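Student: So that you have it, the file is query.cif, and it contains mmCIF, C-alpha atoms, pLDDT in the B column; chains and numbers go by the auth columns:
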data_final
#
loop_
_atom_site.group_PDB
_atom_site.id
_atom_site.type_symbol
_atom_site.label_atom_id
_atom_site.label_comp_id
_atom_site.label_asym_id
_atom_site.label_seq_id
_atom_site.Cartn_x
_atom_site.Cartn_y
_atom_site.Cartn_z
_atom_site.B_iso_or_equiv
_atom_site.auth_seq_id
_atom_site.auth_asym_id
ATOM 1 C CA MET A 1 254.775 125.861 -66.980 93.00 278 A
ATOM 2 C CA LYS A 2 253.616 127.668 -63.820 97.00 279 A
ATOM 3 C CA VAL A 3 256.110 130.389 -62.876 98.00 280 A
ATOM 4 C CA LEU A 4 256.464 132.541 -59.766 98.00 281 A
ATOM 5 C CA ILE A 5 258.788 135.545 -60.022 98.00 282 A
ATOM 6 C CA LEU A 6 260.127 136.931 -56.749 98.00 283 A
ATOM 7 C CA ILE A 7 262.022 140.203 -56.400 97.00 284 A
ATOM 8 C CA PRO A 8 263.896 140.457 -53.081 96.00 285 A
ATOM 9 C CA ALA A 9 264.342 144.106 -52.041 94.00 286 A
ATOM 10 C CA ARG A 10 265.873 145.473 -48.838 91.00 287 A
ATOM 11 C CA TYR A 11 265.835 149.102 -47.746 91.00 288 A
ATOM 12 C CA ALA A 12 269.099 148.834 -45.812 82.00 289 A
ATOM 13 C CA SER A 13 272.260 149.094 -47.903 77.00 290 A
ATOM 14 C CA THR A 14 275.725 150.134 -46.807 72.00 291 A
ATOM 15 C CA ARG A 15 276.516 152.040 -50.008 76.00 292 A
ATOM 16 C CA PHE A 16 273.019 153.242 -50.944 85.00 293 A
ATOM 17 C CA PRO A 17 270.226 153.005 -48.343 84.00 294 A
ATOM 18 C CA GLY A 18 266.749 152.991 -49.841 89.00 295 A
ATOM 19 C CA LYS A 19 267.914 152.262 -53.374 91.00 296 A
ATOM 20 C CA PRO A 20 264.759 150.295 -54.393 94.00 297 A
ATOM 21 C CA LEU A 21 262.813 153.552 -53.918 95.00 298 A
ATOM 22 C CA ALA A 22 265.314 155.800 -55.706 93.00 299 A
ATOM 23 C CA GLU A 23 263.833 157.092 -58.935 93.00 300 A
ATOM 24 C CA ILE A 24 264.879 156.573 -62.535 93.00 301 A
ATOM 25 C CA GLY A 25 262.862 158.542 -65.053 91.00 302 A
ATOM 26 C CA GLY A 26 260.298 159.445 -62.396 92.00 303 A
ATOM 27 C CA LYS A 27 259.664 155.836 -61.284 95.00 304 A
ATOM 28 C CA PRO A 28 261.253 153.930 -58.403 95.00 305 A
ATOM 29 C CA VAL A 29 263.896 151.356 -59.289 95.00 306 A
ATOM 30 C CA ILE A 30 261.718 148.554 -57.917 97.00 307 A
ATOM 31 C CA ARG A 31 258.855 149.524 -60.236 97.00 308 A
ATOM 32 C CA HIS A 32 261.095 149.200 -63.305 95.00 309 A
ATOM 33 C CA VAL A 33 261.985 145.657 -62.204 96.00 310 A
ATOM 34 C CA VAL A 34 258.365 144.695 -61.509 98.00 311 A
ATOM 35 C CA GLU A 35 257.176 146.002 -64.880 97.00 312 A
ATOM 36 C CA LYS A 36 259.771 143.900 -66.698 96.00 313 A
ATOM 37 C CA ALA A 37 258.835 140.822 -64.670 97.00 314 A
ATOM 38 C CA VAL A 38 255.050 141.066 -65.221 97.00 315 A
ATOM 39 C CA SER A 39 255.632 140.949 -68.971 97.00 316 A
ATOM 40 C CA VAL A 40 256.925 137.399 -68.443 98.00 317 A
ATOM 41 C CA ALA A 41 254.708 135.886 -65.734 97.00 318 A
ATOM 42 C CA GLU A 42 251.366 136.566 -64.109 96.00 319 A
ATOM 43 C CA ASP A 43 252.513 135.957 -60.533 98.00 320 A
ATOM 44 C CA VAL A 44 255.142 138.538 -59.536 98.00 321 A
ATOM 45 C CA PHE A 45 255.826 139.560 -55.925 98.00 322 A
ATOM 46 C CA VAL A 46 258.343 141.860 -54.281 98.00 323 A
ATOM 47 C CA ALA A 47 259.777 140.207 -51.146 97.00 324 A
ATOM 48 C CA THR A 48 260.838 142.893 -48.690 97.00 325 A
ATOM 49 C CA ASP A 49 261.542 143.521 -45.017 95.00 326 A
ATOM 50 C CA ASP A 50 260.587 147.197 -45.094 95.00 327 A
ATOM 51 C CA ASP A 51 257.155 148.843 -44.826 97.00 328 A
ATOM 52 C CA ARG A 52 258.200 151.724 -47.098 97.00 329 A
ATOM 53 C CA ILE A 53 259.003 149.398 -49.988 97.00 330 A
ATOM 54 C CA PHE A 54 255.901 147.305 -49.306 98.00 331 A
ATOM 55 C CA GLU A 55 253.594 150.337 -49.419 97.00 332 A
ATOM 56 C CA ARG A 56 255.248 151.847 -52.495 97.00 333 A
ATOM 57 C CA VAL A 57 254.820 148.614 -54.431 98.00 334 A
ATOM 58 C CA LYS A 58 251.167 148.466 -53.419 98.00 335 A
ATOM 59 C CA ASP A 59 250.735 152.123 -54.465 97.00 336 A
ATOM 60 C CA PHE A 60 251.746 151.441 -58.073 97.00 337 A
ATOM 61 C CA GLY A 61 249.595 148.304 -58.270 97.00 338 A
ATOM 62 C CA GLY A 62 252.238 145.658 -57.638 98.00 339 A
ATOM 63 C CA HIS A 63 252.160 142.719 -55.229 98.00 340 A
ATOM 64 C CA ALA A 64 254.443 142.515 -52.204 98.00 341 A
ATOM 65 C CA VAL A 65 255.006 140.207 -49.258 98.00 342 A
ATOM 66 C CA MET A 66 256.741 141.035 -45.973 97.00 343 A
ATOM 67 C CA THR A 67 259.666 138.833 -44.940 97.00 344 A
ATOM 68 C CA SER A 68 262.134 138.670 -42.067 95.00 345 A
ATOM 69 C CA ALA A 69 264.873 141.284 -41.731 92.00 346 A
ATOM 70 C CA ASN A 70 267.347 138.580 -40.694 93.00 347 A
ATOM 71 C CA HIS A 71 267.942 136.839 -44.026 93.00 348 A
ATOM 72 C CA LYS A 72 271.550 136.604 -45.169 88.00 349 A
ATOM 73 C CA SER A 73 270.745 136.251 -48.874 91.00 350 A
ATOM 74 C CA GLY A 74 268.109 136.982 -51.475 92.00 351 A
ATOM 75 C CA THR A 75 267.643 133.234 -51.915 96.00 352 A
ATOM 76 C CA ASP A 76 266.635 132.840 -48.265 96.00 353 A
ATOM 77 C CA ARG A 77 264.237 135.780 -48.581 96.00 354 A
ATOM 78 C CA CYS A 78 262.735 134.226 -51.714 98.00 355 A
ATOM 79 C CA PHE A 79 262.063 130.948 -49.971 98.00 356 A
ATOM 80 C CA GLU A 80 260.211 132.631 -47.104 98.00 357 A
ATOM 81 C CA ALA A 81 258.155 134.630 -49.628 98.00 358 A
ATOM 82 C CA TYR A 82 257.458 131.453 -51.604 98.00 359 A
ATOM 83 C CA GLN A 83 256.121 129.771 -48.463 98.00 360 A
ATOM 84 C CA HIS A 84 253.820 132.714 -47.662 97.00 361 A
ATOM 85 C CA ILE A 85 252.498 133.012 -51.220 97.00 362 A
ATOM 86 C CA THR A 86 251.802 129.320 -51.800 97.00 363 A
ATOM 87 C CA ALA A 87 250.111 128.979 -48.410 96.00 364 A
ATOM 88 C CA GLN A 88 247.941 132.035 -48.978 93.00 365 A
ATOM 89 C CA ASN A 89 247.061 131.471 -52.644 90.00 366 A
ATOM 90 C CA LYS A 90 246.866 127.663 -52.508 91.00 367 A
ATOM 91 C CA LYS A 91 248.875 127.494 -55.752 93.00 368 A
ATOM 92 C CA SER A 92 251.814 125.380 -56.811 96.00 369 A
ATOM 93 C CA TYR A 93 254.601 126.354 -59.196 98.00 370 A
ATOM 94 C CA ASP A 94 257.030 124.552 -61.479 98.00 371 A
ATOM 95 C CA VAL A 95 259.697 127.283 -61.399 98.00 372 A
ATOM 96 C CA VAL A 96 260.609 130.099 -58.992 98.00 373 A
ATOM 97 C CA VAL A 97 262.622 132.987 -60.464 98.00 374 A
ATOM 98 C CA ASN A 98 264.742 135.316 -58.314 98.00 375 A
ATOM 99 C CA ILE A 99 265.350 138.765 -59.846 97.00 376 A
ATOM 100 C CA GLN A 100 267.318 141.313 -57.829 92.00 377 A
ATOM 101 C CA GLY A 101 265.347 144.423 -56.926 91.00 378 A
ATOM 102 C CA ASP A 102 268.161 146.763 -57.969 90.00 379 A
ATOM 103 C CA GLU A 103 268.349 145.643 -61.621 90.00 380 A
ATOM 104 C CA PRO A 104 266.007 148.008 -63.544 92.00 381 A
ATOM 105 C CA PHE A 105 267.504 147.232 -66.962 91.00 382 A
ATOM 106 C CA ILE A 106 266.949 143.491 -67.087 93.00 383 A
ATOM 107 C CA LEU A 107 265.314 142.197 -70.265 95.00 384 A
ATOM 108 C CA PRO A 108 262.228 139.952 -70.302 96.00 385 A
ATOM 109 C CA GLU A 109 264.006 137.599 -72.714 97.00 386 A
ATOM 110 C CA GLN A 110 266.694 137.004 -70.082 97.00 387 A
ATOM 111 C CA VAL A 111 264.054 135.783 -67.661 97.00 388 A
ATOM 112 C CA ARG A 112 262.449 133.617 -70.331 97.00 389 A
ATOM 113 C CA SER A 113 265.791 131.993 -71.145 97.00 390 A
ATOM 114 C CA LEU A 114 266.094 130.895 -67.500 97.00 391 A
ATOM 115 C CA ILE A 115 262.565 129.515 -67.433 98.00 392 A
ATOM 116 C CA ASN A 116 263.159 127.563 -70.651 97.00 393 A
ATOM 117 C CA CYS A 117 266.023 125.684 -68.982 97.00 394 A
ATOM 118 C CA PHE A 118 263.492 123.717 -66.945 97.00 395 A
ATOM 119 C CA GLU A 119 262.141 121.951 -69.996 96.00 396 A
ATOM 120 C CA ASP A 120 265.113 119.676 -69.232 94.00 397 A
ATOM 121 C CA SER A 121 264.074 117.613 -66.196 93.00 398 A
ATOM 122 C CA ARG A 122 267.699 117.300 -65.064 92.00 399 A
ATOM 123 C CA ILE A 123 268.104 121.032 -64.423 95.00 400 A
ATOM 124 C CA GLN A 124 267.687 122.063 -60.800 98.00 401 A
ATOM 125 C CA ILE A 125 268.886 125.687 -60.848 98.00 402 A
ATOM 126 C CA ALA A 126 269.536 128.116 -63.720 98.00 403 A
ATOM 127 C CA THR A 127 271.457 131.363 -63.998 98.00 404 A
ATOM 128 C CA LEU A 128 272.988 133.707 -66.604 97.00 405 A
ATOM 129 C CA ALA A 129 276.462 134.697 -67.779 97.00 406 A
ATOM 130 C CA LYS A 130 277.894 137.245 -70.191 97.00 407 A
ATOM 131 C CA GLN A 131 281.195 137.079 -72.021 97.00 408 A
ATOM 132 C CA PHE A 132 283.776 139.574 -70.781 96.00 409 A
ATOM 133 C CA GLU A 133 284.870 142.235 -73.240 95.00 410 A
ATOM 134 C CA ASN A 134 287.301 144.167 -71.039 94.00 411 A
ATOM 135 C CA SER A 135 290.514 142.489 -69.900 94.00 412 A
ATOM 136 C CA ALA A 136 290.695 144.505 -66.663 94.00 413 A
ATOM 137 C CA ASP A 137 287.254 143.239 -65.628 94.00 414 A
ATOM 138 C CA VAL A 138 288.501 139.645 -65.666 97.00 415 A
ATOM 139 C CA PHE A 139 290.862 140.491 -62.813 97.00 416 A
ATOM 140 C CA ASP A 140 288.321 142.523 -60.821 94.00 417 A
ATOM 141 C CA SER A 141 287.325 140.496 -57.734 93.00 418 A
ATOM 142 C CA ASN A 142 283.954 142.267 -57.590 88.00 419 A
ATOM 143 C CA LYS A 143 283.035 140.683 -60.940 91.00 420 A
ATOM 144 C CA VAL A 144 282.301 136.999 -60.445 95.00 421 A
ATOM 145 C CA LYS A 145 283.558 134.581 -63.072 98.00 422 A
ATOM 146 C CA VAL A 146 281.957 131.270 -64.043 98.00 423 A
ATOM 147 C CA VAL A 147 283.441 128.291 -65.878 98.00 424 A
ATOM 148 C CA CYS A 148 280.993 125.942 -67.606 98.00 425 A
ATOM 149 C CA SER A 149 280.947 122.376 -68.844 97.00 426 A
ATOM 150 C CA ALA A 150 280.337 121.376 -72.452 97.00 427 A
ATOM 151 C CA HIS A 151 276.724 120.798 -71.381 95.00 428 A
ATOM 152 C CA GLN A 152 276.201 124.437 -70.306 96.00 429 A
ATOM 153 C CA THR A 153 276.286 123.719 -66.594 97.00 430 A
ATOM 154 C CA ALA A 154 278.434 125.530 -64.049 98.00 431 A
ATOM 155 C CA LEU A 155 281.684 123.887 -62.982 98.00 432 A
ATOM 156 C CA TYR A 156 282.815 126.686 -60.658 98.00 433 A
ATOM 157 C CA PHE A 157 282.266 130.334 -59.751 98.00 434 A
ATOM 158 C CA SER A 158 285.098 132.522 -58.497 98.00 435 A
ATOM 159 C CA ARG A 159 286.169 136.060 -57.759 96.00 436 A
ATOM 160 C CA SER A 160 289.534 135.096 -59.230 98.00 437 A
ATOM 161 C CA ALA A 161 290.235 135.041 -62.958 97.00 438 A
ATOM 162 C CA ILE A 162 289.336 131.535 -64.099 98.00 439 A
ATOM 163 C CA PRO A 163 290.419 129.584 -66.052 97.00 440 A
ATOM 164 C CA TYR A 164 294.141 130.290 -65.649 97.00 441 A
ATOM 165 C CA CYS A 165 295.926 130.681 -68.994 97.00 442 A
ATOM 166 C CA ARG A 166 299.315 129.079 -68.509 96.00 443 A
ATOM 167 C CA GLY A 167 302.144 130.544 -70.590 96.00 444 A
ATOM 168 C CA VAL A 168 300.044 133.508 -71.783 97.00 445 A
ATOM 169 C CA GLU A 169 300.572 137.114 -70.749 96.00 446 A
ATOM 170 C CA GLN A 170 297.592 138.320 -68.720 95.00 447 A
ATOM 171 C CA SER A 171 296.969 141.121 -71.194 93.00 448 A
ATOM 172 C CA ALA A 172 296.288 138.439 -73.847 96.00 449 A
ATOM 173 C CA TRP A 173 294.069 136.114 -71.813 97.00 450 A
ATOM 174 C CA LEU A 174 290.848 137.373 -73.412 96.00 451 A
ATOM 175 C CA THR A 175 292.121 136.457 -76.853 95.00 452 A
ATOM 176 C CA ALA A 176 293.289 133.020 -75.666 96.00 453 A
ATOM 177 C CA ILE A 177 289.946 131.818 -74.286 97.00 454 A
ATOM 178 C CA PRO A 178 286.490 133.286 -73.537 97.00 455 A
ATOM 179 C CA PHE A 179 285.879 134.431 -69.952 98.00 456 A
ATOM 180 C CA TYR A 180 282.351 134.696 -68.586 98.00 457 A
ATOM 181 C CA LYS A 181 280.886 137.066 -66.011 96.00 458 A
ATOM 182 C CA HIS A 182 278.173 135.668 -63.783 96.00 459 A
ATOM 183 C CA VAL A 183 274.898 137.594 -63.964 94.00 460 A
ATOM 184 C CA GLY A 184 273.151 137.126 -60.617 89.00 461 A
ATOM 185 C CA MET A 185 269.657 136.155 -61.699 95.00 462 A
ATOM 186 C CA TYR A 186 268.453 132.684 -60.659 98.00 463 A
ATOM 187 C CA ALA A 187 265.609 130.261 -61.228 98.00 464 A
ATOM 188 C CA TYR A 188 264.970 127.133 -59.181 98.00 465 A
ATOM 189 C CA ARG A 189 262.642 124.190 -58.963 98.00 466 A
ATOM 190 C CA PRO A 190 260.599 124.803 -55.774 98.00 467 A
ATOM 191 C CA GLU A 191 261.773 121.627 -54.052 98.00 468 A
ATOM 192 C CA VAL A 192 265.384 122.572 -54.801 98.00 469 A
ATOM 193 C CA LEU A 193 264.863 126.083 -53.397 98.00 470 A
ATOM 194 C CA ARG A 194 263.628 124.457 -50.197 98.00 471 A
ATOM 195 C CA GLU A 195 266.660 122.164 -50.023 98.00 472 A
ATOM 196 C CA ILE A 196 269.406 124.703 -50.740 98.00 473 A
ATOM 197 C CA THR A 197 268.136 127.179 -48.145 97.00 474 A
ATOM 198 C CA ALA A 198 268.415 124.440 -45.520 97.00 475 A
ATOM 199 C CA LEU A 199 272.060 123.692 -46.328 97.00 476 A
ATOM 200 C CA PRO A 200 274.809 124.930 -43.991 95.00 477 A
ATOM 201 C CA GLN A 201 277.505 127.181 -45.417 93.00 478 A
ATOM 202 C CA GLY A 202 280.342 125.245 -47.007 93.00 479 A
ATOM 203 C CA ARG A 203 284.087 125.888 -47.158 97.00 480 A
ATOM 204 C CA LEU A 204 283.998 127.245 -50.686 97.00 481 A
ATOM 205 C CA GLU A 205 281.164 129.687 -49.979 96.00 482 A
ATOM 206 C CA LYS A 206 282.942 130.997 -46.889 96.00 483 A
ATOM 207 C CA ALA A 207 286.201 131.401 -48.806 97.00 484 A
ATOM 208 C CA GLU A 208 284.756 133.337 -51.766 97.00 485 A
ATOM 209 C CA SER A 209 281.544 134.716 -50.219 95.00 486 A
ATOM 210 C CA LEU A 210 279.453 133.244 -53.042 96.00 487 A
ATOM 211 C CA GLU A 211 276.345 131.317 -51.993 96.00 488 A
ATOM 212 C CA GLN A 212 276.103 129.432 -55.306 97.00 489 A
ATOM 213 C CA LEU A 213 279.264 127.546 -54.345 98.00 490 A
ATOM 214 C CA ARG A 214 277.286 125.965 -51.498 97.00 491 A
ATOM 215 C CA TRP A 215 274.954 124.481 -54.100 98.00 492 A
ATOM 216 C CA LEU A 216 277.766 123.167 -56.300 98.00 493 A
ATOM 217 C CA GLU A 217 279.607 121.764 -53.291 97.00 494 A
ATOM 218 C CA ASN A 218 276.482 119.777 -52.448 97.00 495 A
ATOM 219 C CA GLY A 219 276.096 118.353 -55.950 97.00 496 A
ATOM 220 C CA TYR A 220 273.349 120.513 -57.446 97.00 497 A
ATOM 221 C CA THR A 221 273.261 121.146 -61.201 96.00 498 A
ATOM 222 C CA ILE A 222 273.244 124.812 -62.248 97.00 499 A
ATOM 223 C CA ALA A 223 272.428 125.500 -65.892 98.00 500 A
ATOM 224 C CA VAL A 224 274.116 128.593 -67.346 98.00 501 A
ATOM 225 C CA ARG A 225 272.647 130.475 -70.286 98.00 502 A
ATOM 226 C CA LEU A 226 274.519 133.234 -72.099 97.00 503 A
ATOM 227 C CA THR A 227 273.209 136.753 -72.526 97.00 504 A
ATOM 228 C CA ASP A 228 274.591 139.623 -74.601 95.00 505 A
ATOM 229 C CA HIS A 229 272.860 142.233 -72.458 90.00 506 A
ATOM 230 C CA GLU A 230 274.901 144.135 -69.874 79.00 507 A
ATOM 231 C CA SER A 231 272.521 145.129 -67.104 77.00 508 A
ATOM 232 C CA ILE A 232 273.354 147.991 -64.741 76.00 509 A
ATOM 233 C CA GLY A 233 272.704 147.308 -61.070 79.00 510 A
ATOM 234 C CA ILE A 234 271.959 150.265 -58.813 79.00 511 A
ATOM 235 C CA ASP A 235 274.500 149.881 -56.014 78.00 512 A
ATOM 236 C CA THR A 236 275.537 153.517 -55.471 82.00 513 A
ATOM 237 C CA PRO A 237 274.153 157.035 -56.057 83.00 514 A
ATOM 238 C CA GLU A 238 276.604 157.248 -58.968 84.00 515 A
ATOM 239 C CA ASP A 239 274.944 154.194 -60.547 82.00 516 A
ATOM 240 C CA LEU A 240 271.601 155.981 -60.232 85.00 517 A
ATOM 241 C CA GLU A 241 272.963 159.028 -62.062 83.00 518 A
ATOM 242 C CA LYS A 242 274.324 156.791 -64.815 82.00 519 A
ATOM 243 C CA ALA A 243 270.977 154.995 -65.107 81.00 520 A
ATOM 244 C CA ASN A 244 269.084 158.270 -65.482 83.00 521 A
ATOM 245 C CA LEU A 245 271.495 159.359 -68.210 77.00 522 A
ATOM 246 C CA ILE A 246 270.933 156.081 -70.065 73.00 523 A
ATOM 247 C CA LEU A 247 267.174 156.498 -69.827 69.00 524 A
ATOM 248 C CA ASP A 248 267.439 160.091 -71.080 63.00 525 A
ATOM 249 C CA CYS A 249 269.441 158.914 -74.098 59.00 526 A
ATOM 250 C CA LYS A 250 266.804 156.268 -74.921 63.00 527 A
ATOM 251 C CA SER A 251 263.880 158.708 -74.683 54.00 528 A
#
Would you encode the structure as structure tokens?

Tutor:
Amino acid sequence: MKVLILIPARYASTRFPGKPLAEIGGKPVIRHVVEKAVSVAEDVFVATDDDRIFERVKDFGGHAVMTSANHKSGTDRCFEAYQHITAQNKKSYDVVVNIQGDEPFILPEQVRSLINCFEDSRIQIATLAKQFENSADVFDSNKVKVVCSAHQTALYFSRSAIPYCRGVEQSAWLTAIPFYKHVGMYAYRPEVLREITALPQGRLEKAESLEQLRWLENGYTIAVRLTDHESIGIDTPEDLEKANLILDCKS
């Protein structure tokens, strides 16, 4: 299976500008992500809109491609990068993987589990989820929940606590039924990536500000695979401090 891994990375961030270049253990965040990705696939590119990120990736031996600064999502940025790369390299791919550039603690096996989904010809998109362990997190709107079918495909994503446990005190919901947190790593078939980036925003996406609802609303199948690993995204300077402490403890 021919795999292209893309890592969208912007310099601009409201809470933490320049976070892909912030250092953990003496290496920029984006380098940690690239090094994990290249252990899975040969073709790995950072998709960025900033010369500083582009040059830093080149400096440590990685591959990068410049994309527009006007994209509204990482998925849109990935599709532009995919177009550039396939046109330049004259290569085709079976699967395109989208790994966020601020996730230095992803595991290679997580990426492999997404890629393996595409052995089933019916799967169009794949993503990850992790079972919630903390009851308060279930009711945190910043933590996206996913409900799946018996066939391990997504039924719905929400910022609300879903499913609703009727007749059960909220403090006991976690013991009544498993709740799953969406982990925002995606893989797509190339033709599906092309199609979903051409879709207009739907009502559900606008209501919850979750682009994956656009795909569900238009009938796409999203496979969901479970992971036990809790990755730490670098969204704030405090997250960076926490990440450095974790790395210190491991060394």

Student: Would you compute the distance between atom CA of Asp417 of chain A and atom CA of Ala500 of chain A? Give it in Å to one decimal.

Tutor: 23.8 Å

Student: When the PyMOL selection byres ((chain A and resi 402) around 12) is applied to the file above, which residues end up in the set, as an MDAnalysis selection string?

Tutor: chainID A and resid 352 371:375 391:401 403:405 430:431 462:473 489 492:493 496:502

Student: With a distance cut-off of 12 Å and all atoms listed in the file, select the neighbouring residues of Thr513 of chain A, excluding the residue or stretch itself and same-chain residues fewer than 2 positions from it, and output the selection as a PyMOL selection string.

Tutor: chain A and resi 290-297+299+379+509-511+515-520

Student: Next, dump the selected residues to file, keeping only C-alpha atoms, as a CSV table (one decimal), in the frame of the given file.

Tutor:
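again35.csv, freshly written:
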chain,number,residue,atom,x,y,z
A,290,SER,CA,272.3,149.1,-47.9
A,291,THR,CA,275.7,150.1,-46.8
A,292,ARG,CA,276.5,152.0,-50.0
A,293,PHE,CA,273.0,153.2,-50.9
A,294,PRO,CA,270.2,153.0,-48.3
A,295,GLY,CA,266.7,153.0,-49.8
A,296,LYS,CA,267.9,152.3,-53.4
A,297,PRO,CA,264.8,150.3,-54.4
A,299,ALA,CA,265.3,155.8,-55.7
A,379,ASP,CA,268.2,146.8,-58.0
A,509,ILE,CA,273.4,148.0,-64.7
A,510,GLY,CA,272.7,147.3,-61.1
A,511,ILE,CA,272.0,150.3,-58.8
A,515,GLU,CA,276.6,157.2,-59.0
A,516,ASP,CA,274.9,154.2,-60.5
A,517,LEU,CA,271.6,156.0,-60.2
A,518,GLU,CA,273.0,159.0,-62.1
A,519,LYS,CA,274.3,156.8,-64.8
A,520,ALA,CA,271.0,155.0,-65.1

Student: Interatomic distance between atom CA of Ala324 of chain A and atom CA of Val342 of chain A?

Tutor: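 The value is 5.1 Å.
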
Student: Interatomic distance between atom CA of Val423 of chain A and atom CA of Phe382 of chain A?

Tutor: 21.7 Å
